[in-house]
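Data from input-v6.cif: mmCIF, C-alpha atoms
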```cif
data_target
loop_
_atom_site.label_atom_id
_atom_site.label_comp_id
_atom_site.auth_asym_id
_atom_site.auth_seq_id
_atom_site.Cartn_x
_atom_site.Cartn_y
_atom_site.Cartn_z
CA MET D 71 13.45 41.34 -67.71
CA ILE D 72 16.98 42.11 -68.89
CA LEU D 73 19.88 41.04 -66.65
CA ALA D 74 22.14 43.92 -67.74
CA ASN D 75 19.66 46.51 -66.44
CA TYR D 76 19.82 45.13 -62.88
CA ILE D 77 23.62 45.03 -63.02
CA LYS D 78 23.77 48.69 -64.05
CA ASP D 79 21.35 49.67 -61.25
CA LEU D 80 23.60 48.03 -58.65
CA LEU D 81 26.81 49.59 -60.02
CA PHE D 82 25.50 53.01 -58.95
CA ARG D 83 25.36 51.79 -55.33
CA TYR D 84 28.02 49.08 -54.98
CA ASP D 85 31.68 48.68 -55.91
CA CYS D 86 31.28 45.07 -57.01
CA VAL D 87 28.43 43.15 -58.68
CA ILE D 88 28.91 39.39 -59.13
CA ILE D 89 27.11 37.38 -61.82
CA PRO D 90 27.17 33.81 -60.46
CA SER D 91 29.08 31.29 -62.65
CA PHE D 92 30.15 34.10 -64.97
CA GLY D 93 32.27 36.83 -63.31
CA GLY D 94 32.11 40.13 -61.47
CA PHE D 95 32.05 43.79 -62.48
CA VAL D 96 34.32 45.82 -60.20
CA THR D 97 34.49 49.63 -59.94
CA ASN D 98 37.28 51.94 -58.79
CA LYS D 99 36.86 55.67 -58.21
CA VAL D 100 39.01 57.87 -60.48
CA SER D 101 39.64 61.53 -59.64
CA ALA D 102 38.93 64.41 -62.01
CA THR D 103 41.40 64.51 -64.93
CA PHE D 104 42.65 66.90 -67.60
CA GLN D 105 43.30 65.60 -71.13
CA GLU D 106 46.00 67.67 -72.83
CA GLU D 107 45.26 66.31 -76.31
CA THR D 108 41.65 67.54 -76.15
CA SER D 109 42.18 70.37 -73.61
CA SER D 110 39.20 69.11 -71.61
CA PHE D 111 38.43 68.56 -67.92
CA SER D 112 36.58 65.37 -66.91
CA PRO D 113 34.71 64.96 -63.59
CA PRO D 114 35.43 62.06 -61.18
CA TYR D 115 33.96 58.73 -62.27
CA LYS D 116 33.81 55.01 -61.54
CA GLN D 117 36.20 52.98 -63.68
CA ILE D 118 34.66 49.58 -64.44
CA SER D 119 36.64 46.35 -64.89
CA PHE D 120 35.73 42.66 -65.09
CA ASN D 121 37.12 39.84 -62.90
CA ASN D 122 36.77 36.26 -64.15
CA ASN D 123 37.45 34.80 -60.68
CA LEU D 124 34.43 36.38 -58.95
CA LYS D 125 31.84 33.69 -59.68
CA ASP D 126 30.43 32.64 -56.29
CA ASN D 127 26.85 33.72 -55.67
CA ASP D 128 26.88 36.36 -52.91
CA GLY D 129 23.12 36.92 -53.21
CA LEU D 130 23.32 40.63 -54.06
CA LEU D 131 22.09 40.43 -57.66
CA ALA D 132 19.39 37.83 -56.97
CA ASN D 133 18.07 39.76 -53.95
CA HIS D 134 17.89 42.96 -56.01
CA ILE D 135 15.97 41.27 -58.86
CA ALA D 136 13.61 39.57 -56.42
CA SER D 137 12.92 42.90 -54.71
CA VAL D 138 12.40 44.89 -57.92
CA GLU D 139 10.24 42.30 -59.68
CA SER D 140 8.42 41.07 -56.51
CA ILE D 141 9.41 37.46 -57.16
CA SER D 142 11.04 34.80 -54.99
CA PHE D 143 14.80 34.51 -54.54
CA GLU D 144 14.70 31.10 -56.26
CA LYS D 145 12.99 32.53 -59.36
CA ALA D 146 15.47 35.40 -59.48
CA THR D 147 18.36 32.91 -59.25
CA LYS D 148 16.85 30.81 -62.07
CA PHE D 149 16.50 33.94 -64.22
CA ILE D 150 20.19 34.75 -63.67
CA GLU D 151 21.22 31.19 -64.57
CA ASP D 152 19.20 31.30 -67.82
CA SER D 153 20.63 34.72 -68.75
CA VAL D 154 24.20 33.56 -68.07
CA PHE D 155 23.59 30.48 -70.22
CA ASP D 156 22.50 32.74 -73.11
CA TRP D 157 25.49 35.05 -72.58
CA LYS D 158 27.91 32.12 -72.72
CA LYS D 159 26.37 30.88 -75.98
CA ILE D 160 26.76 34.33 -77.56
CA ILE D 161 30.29 34.92 -76.31
CA GLU D 162 31.46 31.57 -77.70
CA LYS D 163 30.76 32.85 -81.22
CA GLU D 164 30.98 36.64 -81.11
CA THR D 165 31.42 39.74 -78.94
CA LEU D 166 28.71 40.27 -76.33
CA GLU D 167 27.58 43.89 -76.06
CA ILE D 168 26.03 45.16 -72.83
CA GLU D 169 24.40 48.52 -73.47
CA LYS D 170 25.94 51.46 -71.55
CA LEU D 171 28.45 49.12 -69.92
CA GLY D 172 30.85 47.60 -72.45
CA PHE D 173 31.83 44.65 -74.65
CA LEU D 174 32.75 41.11 -73.55
CA LYS D 175 34.68 38.60 -75.66
CA LEU D 176 36.89 35.53 -75.24
CA ASN D 177 40.64 35.59 -75.73
CA ASP D 178 42.80 32.71 -76.97
CA ARG D 179 42.83 31.17 -73.46
CA LYS D 180 39.03 31.26 -73.26
CA GLN D 181 39.11 34.04 -70.69
CA ILE D 182 36.59 36.88 -70.82
CA ILE D 183 38.05 40.25 -71.85
CA PHE D 184 36.04 43.39 -71.05
CA ASN D 185 36.20 46.75 -72.85
CA PRO D 186 34.09 49.44 -71.09
CA THR D 187 32.20 52.02 -73.14
CA ASN D 188 32.29 54.78 -70.46
CA ASP D 189 28.92 56.07 -71.73
CA VAL D 190 27.54 56.36 -68.19
CA ASN D 191 29.22 57.79 -65.08
CA TYR D 192 28.21 55.41 -62.27
CA LEU D 193 29.63 57.72 -59.56
CA THR D 194 26.54 59.30 -57.98
CA SER D 195 28.50 62.23 -56.50
CA SER D 196 29.32 63.35 -60.08
CA PHE D 197 25.68 63.30 -61.20
CA GLY D 198 24.95 66.14 -63.64
CA LEU D 199 28.63 66.91 -64.26
CA SER D 200 30.06 66.70 -67.77
CA SER D 201 33.41 67.31 -69.47
CA VAL D 202 34.43 70.94 -70.08
CA THR D 203 36.88 71.99 -72.80
CA GLN D 204 39.33 74.88 -72.55
CA SER D 205 37.85 76.43 -75.69
CA SER D 206 34.51 76.75 -73.89
CA LEU D 207 36.19 78.70 -71.11
CA GLU D 208 37.85 81.00 -73.66
CA ARG D 209 34.50 81.69 -75.36
CA TYR D 210 32.99 82.52 -71.97
CA LYS D 211 35.82 84.98 -71.35
CA GLU D 212 35.26 86.61 -74.78
CA VAL D 213 31.56 87.09 -74.01
CA VAL D 214 32.10 88.53 -70.53
CA THR D 215 34.82 91.02 -71.51
CA PRO D 216 32.71 93.10 -73.98
CA LEU D 217 29.83 93.26 -71.51
CA VAL D 218 32.12 94.78 -68.90
CA THR D 219 33.72 97.33 -71.27
CA THR D 220 30.43 98.56 -72.75
CA ASN D 221 29.03 99.40 -69.34
CA VAL D 222 32.09 101.41 -68.24
CA THR D 223 32.68 104.93 -69.51
CA ASN D 224 36.14 105.40 -68.10
CA ALA D 225 38.52 102.40 -68.01
CA ASN D 226 41.06 104.24 -65.86
CA ASN D 227 38.50 104.93 -63.12
CA ILE D 228 37.47 101.26 -63.07
CA SER D 229 41.10 100.21 -62.85
CA THR D 230 41.62 102.54 -59.88
CA LEU D 231 38.50 101.27 -58.14
CA ILE D 232 39.62 97.67 -58.64
CA LYS D 233 42.99 98.46 -57.07
CA TYR D 234 41.29 100.09 -54.04
CA ALA D 235 38.90 97.15 -53.72
CA ALA D 236 41.74 94.65 -53.91
CA SER D 237 43.70 96.55 -51.25
CA ALA D 238 40.68 96.68 -48.95
CA ALA D 239 40.09 92.93 -49.42
CA ILE D 240 43.72 92.19 -48.52
CA LEU D 241 43.54 94.37 -45.39
CA LEU D 242 40.31 92.69 -44.28
CA THR D 243 41.80 89.25 -44.85
CA LEU D 244 44.92 90.15 -42.85
CA GLY D 245 42.72 91.50 -40.07
CA PHE D 246 40.73 88.26 -39.87
CA LEU D 247 43.93 86.18 -39.95
CA GLY D 248 45.44 88.28 -37.16
CA THR D 249 42.34 87.86 -35.02
CA ASN D 250 42.24 84.09 -35.57
CA LEU D 251 45.95 83.70 -34.78
CA HIS D 252 45.54 85.73 -31.59
CA GLN D 253 42.62 83.55 -30.47
CA GLU D 254 44.53 80.35 -31.24
CA ASN D 255 47.56 81.57 -29.26
CA LYS D 256 45.33 82.40 -26.29
CA GLN D 257 43.75 78.93 -26.39
CA GLN D 258 47.15 77.25 -26.53
CA GLU D 259 48.36 79.28 -23.54
CA ILE D 260 45.29 78.25 -21.49
CA LEU D 261 45.77 74.57 -22.42
CA ALA D 262 49.47 74.75 -21.47
CA VAL D 263 48.62 76.18 -18.02
CA LYS D 264 46.02 73.44 -17.41
CA GLU D 265 48.45 70.70 -18.48
CA LYS D 266 51.18 71.99 -16.11
CA ALA D 267 48.71 72.11 -13.19
CA LEU D 268 47.55 68.57 -13.90
CA GLU D 269 51.15 67.34 -14.15
CA LYS D 270 51.98 68.84 -10.73
CA LYS D 271 48.96 67.09 -9.17
CA ILE D 272 50.02 63.74 -10.62
CA GLN D 273 53.62 64.17 -9.46
CA SER D 274 52.55 65.12 -5.92
CA ALA D 275 50.04 62.27 -5.57
CA THR D 276 51.07 59.19 -3.54
CA PHE D 277 49.66 55.79 -4.38
CA THR D 278 49.72 53.10 -1.68
CA ILE D 279 48.62 49.52 -2.37
CA THR D 280 47.95 47.73 0.95
CA ASN D 281 46.93 44.39 -0.56
CA PRO D 282 48.83 43.77 -3.79
CA LEU D 283 47.60 41.08 -6.17
CA PRO D 284 49.68 37.90 -6.48
CA THR D 285 52.04 37.55 -9.44
CA ILE D 286 50.61 35.55 -12.33
CA GLU D 287 52.93 33.63 -14.63
CA LEU D 288 51.78 33.45 -18.24
CA ASN D 289 53.07 30.93 -20.74
CA ALA D 290 53.19 32.66 -24.12
CA VAL D 291 52.27 30.46 -27.04
CA LYS D 292 54.15 31.25 -30.23
CA GLU D 293 51.74 31.98 -33.07
CA ILE D 294 52.26 29.80 -36.12
CA LYS D 295 51.92 31.83 -39.30
CA THR D 296 49.93 30.32 -42.15
CA PRO D 297 50.37 32.71 -45.09
CA PHE D 298 49.15 30.31 -47.79
CA HIS D 299 45.39 29.88 -48.18
CA ILE D 300 43.26 27.79 -50.54
CA VAL D 301 40.36 30.13 -51.32
CA ALA D 302 36.88 28.62 -51.54
CA GLY D 303 35.06 31.83 -52.44
CA SER D 304 34.62 35.58 -52.00
CA PHE D 305 31.35 37.05 -50.69
CA GLN D 306 29.68 40.47 -50.69
CA PHE D 307 27.82 39.74 -47.45
CA PRO D 308 29.66 38.40 -44.35
CA GLU D 309 26.64 36.23 -43.49
CA ASN D 310 27.12 34.24 -46.69
CA ALA D 311 30.82 33.84 -45.88
CA LYS D 312 29.99 32.44 -42.43
CA ARG D 313 27.48 30.06 -44.01
CA LYS D 314 30.16 28.82 -46.41
CA VAL D 315 32.57 28.19 -43.50
CA LYS D 316 29.98 26.04 -41.72
CA GLN D 317 29.34 24.03 -44.92
CA LEU D 318 33.05 23.33 -45.35
CA GLU D 319 33.47 22.43 -41.67
CA GLN D 320 30.69 19.84 -42.04
CA LYS D 321 32.74 18.30 -44.86
CA GLY D 322 35.78 18.04 -42.60
CA TYR D 323 37.75 21.10 -43.75
CA ASN D 324 39.47 23.43 -41.30
CA ALA D 325 37.76 26.38 -43.00
CA LYS D 326 37.90 29.97 -41.85
CA ILE D 327 37.42 33.58 -42.94
CA ILE D 328 40.78 35.12 -43.93
CA GLY D 329 39.69 38.75 -44.30
CA LYS D 330 38.61 40.98 -47.16
CA ASN D 331 40.23 41.53 -50.54
CA LYS D 332 40.80 44.91 -52.23
CA TRP D 333 37.23 44.88 -53.58
CA GLY D 334 35.75 44.55 -50.08
CA LEU D 335 34.67 40.93 -50.52
CA THR D 336 34.98 38.54 -47.55
CA GLN D 337 37.19 35.57 -48.46
CA VAL D 338 36.75 32.01 -47.15
CA ALA D 339 39.56 29.42 -47.22
CA PHE D 340 39.28 25.62 -47.25
CA LYS D 341 42.47 25.47 -45.22
CA SER D 342 45.64 27.48 -44.54
CA PHE D 343 49.25 26.30 -44.64
CA THR D 344 52.69 27.38 -43.47
CA THR D 345 54.51 26.42 -46.68
CA ARG D 346 53.71 26.79 -50.36
CA ILE D 347 54.56 23.13 -51.05
CA GLU D 348 51.92 21.86 -48.62
CA ALA D 349 49.37 24.35 -49.96
CA THR D 350 50.04 23.38 -53.59
CA LYS D 351 49.56 19.68 -52.86
CA ALA D 352 46.31 20.33 -51.04
CA LEU D 353 45.09 22.66 -53.82
CA TYR D 354 45.59 19.92 -56.40
CA THR D 355 43.50 17.51 -54.34
CA ILE D 356 40.73 20.04 -53.64
CA LYS D 357 40.45 21.09 -57.31
CA LYS D 358 40.18 17.44 -58.26
CA THR D 359 37.68 16.32 -55.61
CA GLU D 360 35.83 19.40 -54.30
CA SER D 361 35.96 22.58 -56.42
CA LYS D 362 37.78 23.28 -59.68
CA ASP D 363 37.42 27.05 -58.95
CA ALA D 364 39.61 26.85 -55.82
CA TRP D 365 42.83 28.89 -56.02
CA LEU D 366 45.92 29.61 -53.93
CA LEU D 367 46.34 32.94 -52.11
CA ALA D 368 49.70 33.92 -50.59
CA LYS D 369 49.67 36.74 -48.04
#
```

Spell out the structure here as structure tokens.
Amino acid sequence: MILANYIKDLLFRYDCVIIPSFGGFVTNKVSATFQEETSSFSPPYKQISFNNNLKDNDGLLANHIASVESISFEKATKFIEDSVFDWKKIIEKETLEIEKLGFLKLNDRKQIIFNPTNDVNYLTSSFGLSSVTQSSLERYKEVVTPLVTTNVTNANNISTLIKYAASAAILLTLGFLGTNLHQENKQQEILAVKEKALEKKIQSATFTITNPLPTIELNAVKEIKTPFHIVAGSFQFPENAKRKVKQLEQKGYNAKIIGKNKWGLTQVAFKSFTTRIEATKALYTIKKTESKDAWLLAK
């Protein structure tokens, strides 16, 4: 059992894979590109990055390992913890290489820096596609051109035929366009007639209310905005986020779900505040007494 293999399996299906107590691999789709320096076209792919803050166990990786290896969730979790322990020992001394994924190392601030290898395209819609260089297209053109010329005895006749064929194609295209435009105009005219008839019916209708409802007075309550949140964790599955809220509520926190981040993870806050000063004071206390991984989010 190799932890990296399960991570790579999940990256084909998910945009984020969290390794508890270590970090998360996050993917972003990149469109097809053209590199001028190499004159090559590259298909769309998933760009992989690493986020040190995604450390809470969302259950995705452990569930996948338990399912693949037919073991319990607890055993899968223990396997992840042991693997992370080994990774941390390696990364303290040297660069950690994850095959077909990238290299992990610590910077001066003891933060993990990730350099992807881009050996594998984790975007399933681009399966089987590879980079194409402009020189390959030129060689294809050189091969096709002689084949055409050797099978034609009179170049002028072919040129004339091509012109006739092109003209016929243009006329057919114009004919189809004209037909489609005519049909669209007809449909619009029919819709306009129906709308006018319906409008006349509405204008001519008389509505009489014999027993009107009494007037109800509503007292509007001004919503107090709380844009500063102390984040307790981010979760792949909403069920885990709800479970975290209940745990924090039992400890006396006014916890709640504050939405999803740009990676699609559901975020849970210990508490929310109206001012940054209040939030900063509370964050200091929570980091000291509850969770050193708590952080301040301003929306």

| task | Using the chain letters and numbers from the file, give me the residues hit by the PyMOL selection byres ((chain D and resi 369) around 10), as a list in words. | result | Thr296, Pro297, Phe298, His299, Ile328, Leu366, Leu367 and Ala368 of chain D

| query | Which residue out of D:Thr359, D:Gln306, D:Asn127, D:Asn177 has the minimum interatomic distance to Gln337 of chain D when all atoms listed in the file are used? | reply | D:Gln306

| request: Grab the atom CA of Asn75 of chain D to atom CA of Gln181 of chain D distance for me, in Å with one decimal place. | output: 23.5 Å

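Atom CA of Asp152 of chain D is found 15.2 Å from atom CA of Ala136 of chain D.
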
| request: Could you please determine the separation between atom CA of Leu124 of chain D and atom CA of Trp333 of chain D in Å, to one decimal place? | output: 10.4 Å

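Take the candidates D:Ala74, D:Ile141, D:Ala349, D:Val190 and check each one against Val154 of chain D using only C-alpha atoms; the shortest distance goes to D:Ala74.
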
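Restricting the calculation to all atoms listed in the file, the smallest distance between Gln117 of chain D and any of D:Asn310, D:Gln320, D:Thr194, D:Asn98 is found for D:Asn98.
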
| field | Within-6 Å shell of (44.7, 27.7, -47.6) in input frame, only C-alpha atoms, as a PyMOL selection string | value | chain D and resi 298-300+339-343

Print the selection's residues with C-alpha atoms to a file, as a compact mmCIF listing (two decimals), in the coordinates of the input.
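Final output, result_30.txt:
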```
# COMPACT_ATOMS: atom_id res chain seq x y z
CA PHE D 298 49.15 30.31 -47.79
CA HIS D 299 45.39 29.88 -48.18
CA ILE D 300 43.26 27.79 -50.54
CA ALA D 339 39.56 29.42 -47.22
CA PHE D 340 39.28 25.62 -47.25
CA LYS D 341 42.47 25.47 -45.22
CA SER D 342 45.64 27.48 -44.54
CA PHE D 343 49.25 26.30 -44.64
```

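Against the coordinates shown, the PyMOL selection byres ((chain D and resi 163) around 12) returns Asp156, Trp157, Lys158, Lys159, Ile160, Ile161, Glu162, Glu164, Thr165, Leu166, Leu174, Lys175, Leu176, Asn177 and Lys180 of chain D.
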
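Distance annotation: of D:Ile89, D:Val138, D:Leu130, D:Ala352, the residue with the minimal separation from Glu309 of chain D is D:Leu130; atom set is all atoms listed in the file.
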
| Neighbour list for segment 78-80 of chain D as an MDAnalysis selection string, cut-off 10 Å, all atoms listed in the file, skip fewer than 5 positions in-chain | chainID D and resid 73 85:87 95 130:131 134 168:171 190 192

Starting from the PyMOL selection byres ((chain D and resi 318) around 12), expand the selection into actual residues of this file and give them as a JSON list (two decimals) with C-alpha atoms, in the coordinates of the input.
```json
[["chain", "number", "residue", "atom", "x", "y", "z"],
["D", 301, "VAL", "CA", 40.36, 30.13, -51.32],
["D", 302, "ALA", "CA", 36.88, 28.62, -51.54],
["D", 303, "GLY", "CA", 35.06, 31.83, -52.44],
["D", 311, "ALA", "CA", 30.82, 33.84, -45.88],
["D", 312, "LYS", "CA", 29.99, 32.44, -42.43],
["D", 313, "ARG", "CA", 27.48, 30.06, -44.01],
["D", 314, "LYS", "CA", 30.16, 28.82, -46.41],
["D", 315, "VAL", "CA", 32.57, 28.19, -43.50],
["D", 316, "LYS", "CA", 29.98, 26.04, -41.72],
["D", 317, "GLN", "CA", 29.34, 24.03, -44.92],
["D", 319, "GLU", "CA", 33.47, 22.43, -41.67],
["D", 320, "GLN", "CA", 30.69, 19.84, -42.04],
["D", 321, "LYS", "CA", 32.74, 18.30, -44.86],
["D", 322, "GLY", "CA", 35.78, 18.04, -42.60],
["D", 323, "TYR", "CA", 37.75, 21.10, -43.75],
["D", 324, "ASN", "CA", 39.47, 23.43, -41.30],
["D", 325, "ALA", "CA", 37.76, 26.38, -43.00],
["D", 326, "LYS", "CA", 37.90, 29.97, -41.85],
["D", 327, "ILE", "CA", 37.42, 33.58, -42.94],
["D", 338, "VAL", "CA", 36.75, 32.01, -47.15],
["D", 339, "ALA", "CA", 39.56, 29.42, -47.22],
["D", 340, "PHE", "CA", 39.28, 25.62, -47.25],
["D", 341, "LYS", "CA", 42.47, 25.47, -45.22],
["D", 356, "ILE", "CA", 40.73, 20.04, -53.64],
["D", 360, "GLU", "CA", 35.83, 19.40, -54.30],
["D", 361, "SER", "CA", 35.96, 22.58, -56.42]]
```

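Remark: for Ile150 of chain D, the closest of the candidate residues D:Thr103, D:Ser112, D:Thr344, D:Asn133 is D:Asn133 (distances computed over all atoms listed in the file).
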
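Distance annotation: of D:Leu193, D:Ala102, D:Ile135, D:Leu335, the residue with the minimal separation from Ile77 of chain D is D:Ile135; atom set is only C-alpha atoms.
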
| field | Polymer residues at most 7 Å from (31.8, 40.9, -49.8) by all atoms listed in the file, as a ChimeraX atom specification | value | /D:304-308,334-336
